[in-house]
Structures are given as structure tokens and as C-alpha cells.
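These notes are about the structure you will find just below.
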Amino acid sequence: MALEIAVGVLLLLALLQSTLMLQLWRQSRQLKQDVARLDGSVSLSVQTDVPTAMLVTALGRMEQRIARIEQQPAPVKPTSYELAQQLAREGADIEQMVARCGLTRDEARLIRQLHPVTH
């Protein structure tokens with residue numbers, strides 16, 4: 001009787017294992033199909049990659065703009081800021097700093113705040 005139960009349990013386990021193997025085989029086949037489908041769609045998008053040409057054109061324009069900007073002289077010389085700092089420490093008003101250093105009013109105001117009058 002115990003032998004018959006053991007054989008029945010072994011048959012049941014074999015059936016369960018076969019079912020599991022069949023399910024895993026189906027999943028692997030489905031995954032292979034999905035990968036093949038994705039590979040196909042990726043290769044199609046690479047073949048019809050029109051936006052790349054547009055990006056290359058835009059990059060060329062950006063490089064030209066950068067070259068033009070680099071060729072332009074700096075609007076305010078660094079020595080102007082040094083002079084403005086010195087004037088601020090000496091108590092010059094904003095109008096004097098704008099006239100002598102070529103700064104905007106906001107720049108002159110900022111320099112006065114950062115460099116208070118020293119006696």
C-alpha cells in the first residue's frame with residue numbers, strides 16, 4: 001500500500017514538472033518572438049532616421065552662432081570692474097560709476113552693495 005502511494009506521488013510530481021516545463025517553454029518562445037519583433041522595429045527606425053539630418057543642420061547653425069559670439073568683444077572690460085570696486089570703496093555714487101566704468105545701473109548698484117565705503 002505504501003509503495004502504491006509513493007508511486008502515485010511520484011507520478012503526480014512528474015506530471016507537475018511536465019506542466020511547469022511546458023509553461024516555461026511557451027514563455028521562452030513568446031520572449032523570443034518579442035525580441036525578434038523589437039529587433040525588427042529598431043532596424044526600421046534606424047533605416048528611416050530623417051531627424052538625424054535635421055540635428056546635424058541645427059548643430060552647424062549653433063556652431064556658427066557660437067563662433068560669432070566668441071568673436072564679439074567683451075561688453076565690459078575686467079579692469080572696469082576693478083575700477084568700479086575701487087570707486088565704490090571710495091564712496092562714488094551710481095551715476096559716477098556708470099559714466100566712468102561703462103556699467104549698467106544695476107551692475108553699479110550691485111558693486112556698491114558688495115564693496116561698501118571704507119574710511
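Every chain in the C-alpha cells takes a letter, A first, then B, and so on in the order presented; its residues are numbered from 1, and the ligands are numbered from 1 following the presented order.
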Which residues are close to region 79-81 of chain A, i.e. within 9 Å by only C-alpha atoms, leaving aside same-chain residues fewer than 5 positions away? Reply as an mmCIF file with C-alpha atoms, in the first residue's frame.
data_model
loop_
_atom_site.group_PDB
_atom_site.id
_atom_site.type_symbol
_atom_site.label_atom_id
_atom_site.label_comp_id
_atom_site.auth_asym_id
_atom_site.auth_seq_id
_atom_site.Cartn_x
_atom_site.Cartn_y
_atom_site.Cartn_z
ATOM 1 C CA GLN A 86 37.672 100.997 -6.080
ATOM 2 C CA ARG A 100 33.430 106.174 -15.716
ATOM 3 C CA CYS A 101 33.237 102.376 -15.958
ATOM 4 C CA GLY A 102 30.591 101.731 -18.596
ATOM 5 C CA LEU A 103 28.436 99.675 -16.251
ATOM 6 C CA ILE A 111 29.082 96.617 -6.842
#
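Closest approach to Ile94 (chain A) among A:Glu82, A:Lys32, A:Met21, A:Ala108 is made by A:Ala108 (distances from only C-alpha atoms).
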For CA of Leu24 (chain A) and CA of Gly8 (chain A), determine how far apart the two atoms are, in Å to one decimal place.
24.4 Å
Suppose you want the space between CA of Thr118 (chain A) and CA of Arg89 (chain A); what is it in Å?
5.4 Å
Could you give me the residues within chain A that DSSP places in helix (DSSP H, G or I), as JSON, numbers by chain?
{"A": [2, 3, 4, 5, 6, 7, 8, 9, 10, 11, 12, 13, 14, 15, 16, 17, 18, 19, 20, 21, 22, 23, 24, 25, 26, 27, 28, 29, 30, 31, 32, 33, 34, 35, 36, 37, 38, 39, 40, 41, 42, 43, 44, 45, 46, 47, 51, 52, 53, 54, 55, 56, 57, 58, 59, 60, 61, 62, 63, 64, 65, 66, 67, 68, 69, 70, 71, 78, 79, 80, 81, 82, 83, 84, 85, 86, 87, 88, 89, 90, 94, 95, 96, 97, 98, 99, 100, 101, 105, 106, 107, 108, 109, 110, 111, 112, 113, 114]}
Leaving out Leu110 (chain A) and any residue of its chain fewer than 5 positions from it, which residues lie within 10 Å of it when counting only C-alpha atoms, given as a PyMOL selection string?
chain A and resi 88+94+104-105+115
re CA of Asp106 (chain A) and CA of Gly91 (chain A): distance 16.6 Å
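Closest approach to Val117 (chain A) from the set A:Met1, A:Ala99, A:Leu15, A:Leu87 is made by A:Leu87, with distances taken over only C-alpha atoms.
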